[in-house]
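K.L.:
Quick one: the structure is below, questions incoming.
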Amino acid sequence: MTVVTDQPVTPVAPGLEALPVAIVGAGPIGLAAAAHLAERGVDFVILEAGESVASSVKAWGHIRLFSPWKHVIDPASRRLLESNGWTPPRDEDAAPSGSELVTHYLSPLAALEPIVSRLRLGVAVEGVTRRGMDRTRTARRAATPFALRLRDSSGALSEFSARAVIDASGTYQTSNSLGANGLDPLGSADVADRVTTALPDVLGADRSRFSGKHTVVIGAGHSAVNTIINLATLIQTSPSTTVSWVIRGDSAARVFTSDDDELSGRASLGARVQRLVNFGVITLVNNFETVELASHDDRVDIIGERNGHIERITADLIVNATGFRPNLQMLREVRLDLDEVVEAPRRLAPLIDPNVHTCGTVEPHGFTELQQPEPNFFLAGMKSYGRAPTFLLATGYEQVRSIVAYLAGDVAAARSLELVLPATGVCSTSAAESCCTS
């Protein structure tokens, strides 16, 4: 699929060329942006809040990706790695786990020059603005360097100047709410220690926490399904373990129905979890809208509305698998134009709307769709999708290739977009909590 865009561009203002491009996040998309910048000879710095690259990927490293190796290696990153003697995975049609992605691809990439010398770990970006001006000032805005407020692991604050910013910080650290209304349910703070984020390692590091307990998994997407399948496996060695699956809709058809999904790993997940429901290994509770959480001795009551009545589910643990949303607080002083529904860049939103598109029907897009009223500021990767769950790594790699070409002054390359994605009909056309993430 090829799309050629024709949109006005904003060149880098004179005097800013000596400053680096700031990349926020050293995950797959941030490192891909670095590889493209290195290939084009544009200086950059990667700012990563974690103490290692791809820290968010490591958090769910026990989970296998849906996409095979051939779809999760960025082309510029591959060229840089292979020029330094790296050998690609033997079977590129196999899907790696998150840990394998880090060990065999992302960590070796980050260790290469010129990336490692420009990588700053343990540095959180707390805010992005322009040097000496807030978002209300317009005069000479494009000619003024960006100022990024940083906090290091010791808590010390500093500022960093950049000619452009690519925010590839992802969304894994900011889960959607458990509440049906988008807000944290009443009482959430009182039971926070009994709620985990998506994709806990229930068969590994977190096994003792879940063994023998009643866990309620809330969410209708594939993050929920992965956790449910792993909990069902735990039941085999810990029969007193019980699992309930709570969804807001009347069915989980979008994960059960997967005949047209070319990502075979994800298709098999849907079939497996459907069997678990059919055989009563897990309890599916549909049409449940959470409104309140309450402490119940050492357990937690989940109070919600179901079919017009108030119902209560008592659990030992809750897994929040309702999906993710972008952290926009750090961008309060940046001029953004975001869609009011999915919180993605306005020109991108119609291309990724989960009510219309699946992962595989998203058209190629680049700097044009990702441009903001703030010149040379770009959201990229999962964060650019806002609350839409239709993201694939291959799409993010094409985003940063186009953005970097634009920042390097190669407008023709930036405008010419090429991307082939697998068919992913499993996503359906229902709004999803979690679906397509690679």
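Chain labels follow the order of the structure tokens: the first chain is A, the next B, and so on; residue numbering restarts at 1 in every chain, and ligands are counted from 1 in their shown order.
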Please give the complete set of residues from range 271-335 of chain A that DSSP, run on the backbone, assigns to strand (DSSP E or B), formatted as a ChimeraX atom specification.

P.N.:
/A:283-285,288-296,299-306,309-315,317-320,324

K.L.:
As a PyMOL selection string, please: the residues near Gly280 in chain A (cut-off 12 Å, only C-alpha atoms, same-chain neighbours under 3 positions excluded).

P.N.:
chain A and resi 232+242-245+273-277+283-285

K.L.:
Store the residues picked out above in a file with N, CA and C atoms, as a PDB file, in the first residue's frame.

P.N.:
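Saved to out_10.pdb:
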```pdb
ATOM      1  N   ALA A 232      -5.464 -19.708  33.839  1.00  0.00           N
ATOM      2  CA  ALA A 232      -6.026 -21.047  33.654  1.00  0.00           C
ATOM      3  C   ALA A 232      -4.935 -22.108  33.744  1.00  0.00           C
ATOM      4  N   THR A 242      -9.145 -19.399  41.305  1.00  0.00           N
ATOM      5  CA  THR A 242     -10.353 -19.181  40.504  1.00  0.00           C
ATOM      6  C   THR A 242     -10.231 -17.862  39.749  1.00  0.00           C
ATOM      7  N   VAL A 243     -10.928 -17.797  38.609  1.00  0.00           N
ATOM      8  CA  VAL A 243     -10.786 -16.648  37.712  1.00  0.00           C
ATOM      9  C   VAL A 243     -12.158 -16.214  37.222  1.00  0.00           C
ATOM     10  N   SER A 244     -12.419 -14.911  37.289  1.00  0.00           N
ATOM     11  CA  SER A 244     -13.593 -14.318  36.662  1.00  0.00           C
ATOM     12  C   SER A 244     -13.123 -13.294  35.638  1.00  0.00           C
ATOM     13  N   TRP A 245     -13.845 -13.228  34.548  1.00  0.00           N
ATOM     14  CA  TRP A 245     -13.524 -12.292  33.465  1.00  0.00           C
ATOM     15  C   TRP A 245     -14.699 -11.334  33.317  1.00  0.00           C
ATOM     16  N   VAL A 273      -9.283 -19.113  24.712  1.00  0.00           N
ATOM     17  CA  VAL A 273     -10.060 -18.534  25.803  1.00  0.00           C
ATOM     18  C   VAL A 273     -11.534 -18.862  25.659  1.00  0.00           C
ATOM     19  N   GLN A 274     -12.015 -19.018  24.422  1.00  0.00           N
ATOM     20  CA  GLN A 274     -13.410 -19.420  24.226  1.00  0.00           C
ATOM     21  C   GLN A 274     -13.646 -20.814  24.804  1.00  0.00           C
ATOM     22  N   ARG A 275     -12.690 -21.714  24.613  1.00  0.00           N
ATOM     23  CA  ARG A 275     -12.833 -23.048  25.196  1.00  0.00           C
ATOM     24  C   ARG A 275     -12.857 -22.981  26.717  1.00  0.00           C
ATOM     25  N   LEU A 276     -12.032 -22.114  27.303  1.00  0.00           N
ATOM     26  CA  LEU A 276     -12.007 -21.979  28.760  1.00  0.00           C
ATOM     27  C   LEU A 276     -13.352 -21.496  29.290  1.00  0.00           C
ATOM     28  N   VAL A 277     -13.986 -20.593  28.563  1.00  0.00           N
ATOM     29  CA  VAL A 277     -15.313 -20.112  28.956  1.00  0.00           C
ATOM     30  C   VAL A 277     -16.338 -21.231  28.788  1.00  0.00           C
ATOM     31  N   THR A 283     -15.080 -17.890  34.684  1.00  0.00           N
ATOM     32  CA  THR A 283     -16.445 -17.369  34.692  1.00  0.00           C
ATOM     33  C   THR A 283     -16.486 -16.044  33.956  1.00  0.00           C
ATOM     34  N   LEU A 284     -17.278 -15.964  32.890  1.00  0.00           N
ATOM     35  CA  LEU A 284     -17.422 -14.727  32.130  1.00  0.00           C
ATOM     36  C   LEU A 284     -18.625 -13.949  32.650  1.00  0.00           C
ATOM     37  N   VAL A 285     -18.380 -12.708  33.047  1.00  0.00           N
ATOM     38  CA  VAL A 285     -19.436 -11.816  33.520  1.00  0.00           C
ATOM     39  C   VAL A 285     -19.540 -10.666  32.532  1.00  0.00           C
TER      40      VAL A 285
END
```

K.L.:
Skipping near chain neighbours, those fewer than 2 positions away, what residues fall within 12 Å of Asp298 in chain A using only C-alpha atoms, listed as an NGL selection string?

P.N.:
:A and (190-191 or 193-194 or 213 or 294-296 or 300-301 or 314-317)

K.L.:
Return the single residue from A:Gly179, A:Pro185, A:Pro350, A:Gly27 that is closest to Tyr105 in chain A, with distances computed using only C-alpha atoms.

P.N.:
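So, comparing all the options, the nearest one is A:Gly27.
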
K.L.:
Which one is closest to Arg137 in chain A: A:His309, A:Arg248, A:Arg120, A:Arg335? Count only C-alpha atoms.

P.N.:
A:Arg335

K.L.:
Using only C-alpha atoms, which protein or nucleic acid residues come within 12 Å of Ser240 in chain A? Drop anything in the same chain fewer than 5 positions from it, and give the result as a list of chain:residue names.

P.N.:
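Close residues of Ser240 in chain A: A:Phe210, A:Ser211, A:Gly212, A:Lys213, A:His214, A:Thr215, A:Leu231, A:Ala232, A:Leu234, A:Ile235, A:Val281.
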
K.L.:
Take the residues from that selection and put them in a file with C-alpha atoms, as an mmCIF file, in the first residue's frame.

P.N.:
```
data_model
loop_
_atom_site.group_PDB
_atom_site.id
_atom_site.type_symbol
_atom_site.label_atom_id
_atom_site.label_comp_id
_atom_site.auth_asym_id
_atom_site.auth_seq_id
_atom_site.Cartn_x
_atom_site.Cartn_y
_atom_site.Cartn_z
ATOM 1 C CA PHE A 210 -2.091 -15.232 42.361
ATOM 2 C CA SER A 211 -1.891 -18.886 43.390
ATOM 3 C CA GLY A 212 -4.959 -19.988 45.329
ATOM 4 C CA LYS A 213 -6.692 -16.628 44.927
ATOM 5 C CA HIS A 214 -9.805 -15.430 43.148
ATOM 6 C CA THR A 215 -8.672 -13.020 40.453
ATOM 7 C CA LEU A 231 -4.274 -17.977 35.087
ATOM 8 C CA ALA A 232 -6.026 -21.047 33.654
ATOM 9 C CA LEU A 234 -1.946 -21.805 37.024
ATOM 10 C CA ILE A 235 -5.157 -23.604 38.008
ATOM 11 C CA VAL A 281 -12.713 -23.046 33.705
#
```
